[in-house]
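Here's the structure we're looking at; comments come further down.
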Amino acid sequence: MEVAEIETMDRAALVAAWVHLFEKAPPRGISQPVMRRFLAFESQARQRSGLSRKVQAALSTPTAPNSEPRRRDALKPGGRLLREWNGVTHVVDVLETGYRWNGQTWRSLSAIAREITGAHWSGPRFFGLRAKARR
């Protein structure tokens with residue numbers, strides 16, 4: 001299947017091509033432009049005997065180069081985070097289902113940081129769990 005051919009397909013033809021290449025139906029709600037990109041990439045990869053060694057190596061690397069590993073395991077239920085902001089000390093308790101701050105349960109530290117500061121912050125960075133990004 002050629003990329004030029006994929007570009008002219010209607011939705012029904014794109015779905016048929018998807019089923020042919022991936023042996024299953026496309027995800028619900030996937031747009032035609034996204035389907036075209038996936039199909040073109042997969043078709044080209046198969047024509048060229050798969051992915052390049054560089055791409056395979058990048059996909060097998062657990063984290064992106066020069067990035068910190070995720071530290072979710074450092075926060076265990078029962079833990080407590082403290083952060084002083086504008087003279088007020090904020091205490092966040094780590095729960096099994098999220099975080100408790102000001103008597104309310106939150107799903108993310110970033111939402112709490114945003115509520116405290118009024119600005120978009122990375123929650124882990126705001127509470128000192130991640131170092132500043134290097135430039």
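Numbering starts fresh at 1 for the residues of each chain in the structure tokens, the chains themselves are lettered A, B, ... in the order given, and ligands are numbered from 1 as they appear.
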Q) Which residues, written as number ranges by chain, have at least one atom at most 12 Å from Gln104 (chain A), with only C-alpha atoms counted and residues fewer than 4 positions away on the same chain left out? A) A: 91-95, 98-100, 108, 111-112, 115
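Contact shell of Leu109 (chain A) at 8 Å (only C-alpha atoms; same-chain neighbours under 6 positions omitted): Tyr99, Ser122, Gly123 and Pro124 of chain A.
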(Q) Please list as a ChimeraX atom specification every residue within 10 Å of region 32-48 of chain A, counting only C-alpha atoms and excluding residues in the same chain fewer than 3 positions away. (A) /A:1-12,14-15,17-18,21-22,26-27,29,51-52
Kindly save the residues from that selection, with N, CA and C atoms included, as a tab-separated table (two decimals), in the first residue's frame.
```tsv
chain	number	residue	atom	x	y	z
A	1	MET	N	0.85	-1.17	0.00
A	1	MET	CA	0.00	0.00	0.00
A	1	MET	C	0.90	1.24	0.00
A	2	GLU	N	0.65	2.17	-0.90
A	2	GLU	CA	1.45	3.37	-1.04
A	2	GLU	C	0.82	4.53	-0.26
A	3	VAL	N	1.66	5.46	0.18
A	3	VAL	CA	1.19	6.62	0.94
A	3	VAL	C	0.21	7.45	0.12
A	4	ALA	N	0.48	7.62	-1.16
A	4	ALA	CA	-0.41	8.40	-2.03
A	4	ALA	C	-1.81	7.77	-2.07
A	5	GLU	N	-1.85	6.45	-2.06
A	5	GLU	CA	-3.13	5.73	-2.05
A	5	GLU	C	-3.88	5.97	-0.74
A	6	ILE	N	-3.14	5.94	0.36
A	6	ILE	CA	-3.75	6.15	1.68
A	6	ILE	C	-4.37	7.54	1.77
A	7	GLU	N	-3.71	8.54	1.17
A	7	GLU	CA	-4.19	9.92	1.22
A	7	GLU	C	-5.54	10.10	0.55
A	8	THR	N	-5.89	9.25	-0.41
A	8	THR	CA	-7.15	9.40	-1.15
A	8	THR	C	-8.28	8.53	-0.60
A	9	MET	N	-8.00	7.71	0.40
A	9	MET	CA	-9.01	6.78	0.92
A	9	MET	C	-10.08	7.50	1.75
A	10	ASP	N	-11.32	7.00	1.62
A	10	ASP	CA	-12.37	7.49	2.51
A	10	ASP	C	-12.31	6.68	3.82
A	11	ARG	N	-13.19	7.00	4.76
A	11	ARG	CA	-13.13	6.36	6.09
A	11	ARG	C	-13.27	4.84	6.00
A	12	ALA	N	-14.21	4.36	5.21
A	12	ALA	CA	-14.43	2.91	5.10
A	12	ALA	C	-13.18	2.21	4.59
A	14	LEU	N	-10.10	3.35	4.86
A	14	LEU	CA	-9.08	3.46	5.90
A	14	LEU	C	-9.28	2.38	6.97
A	15	VAL	N	-10.52	2.16	7.36
A	15	VAL	CA	-10.82	1.13	8.36
A	15	VAL	C	-10.44	-0.25	7.82
A	17	ALA	N	-8.19	-0.94	5.55
A	17	ALA	CA	-6.73	-1.02	5.50
A	17	ALA	C	-6.16	-1.24	6.90
A	18	TRP	N	-6.75	-0.57	7.88
A	18	TRP	CA	-6.31	-0.73	9.28
A	18	TRP	C	-6.45	-2.18	9.71
A	21	LEU	N	-3.81	-4.34	8.06
A	21	LEU	CA	-2.45	-4.20	8.58
A	21	LEU	C	-2.31	-4.64	10.04
A	22	PHE	N	-3.26	-4.25	10.88
A	22	PHE	CA	-3.12	-4.48	12.32
A	22	PHE	C	-3.93	-5.66	12.84
A	26	PRO	N	-9.75	-0.28	14.24
A	26	PRO	CA	-9.08	0.90	14.78
A	26	PRO	C	-9.73	1.36	16.08
A	27	PRO	N	-9.01	2.10	16.90
A	27	PRO	CA	-9.59	2.59	18.16
A	27	PRO	C	-10.81	3.47	17.88
A	29	GLY	N	-13.20	6.48	17.77
A	29	GLY	CA	-13.02	7.92	17.77
A	29	GLY	C	-11.75	8.41	17.10
A	51	LEU	N	11.38	-1.33	11.55
A	51	LEU	CA	11.94	-0.08	12.06
A	51	LEU	C	13.46	-0.10	11.99
A	52	SER	N	14.04	1.09	11.89
A	52	SER	CA	15.50	1.18	11.88
A	52	SER	C	16.05	0.79	13.25
```
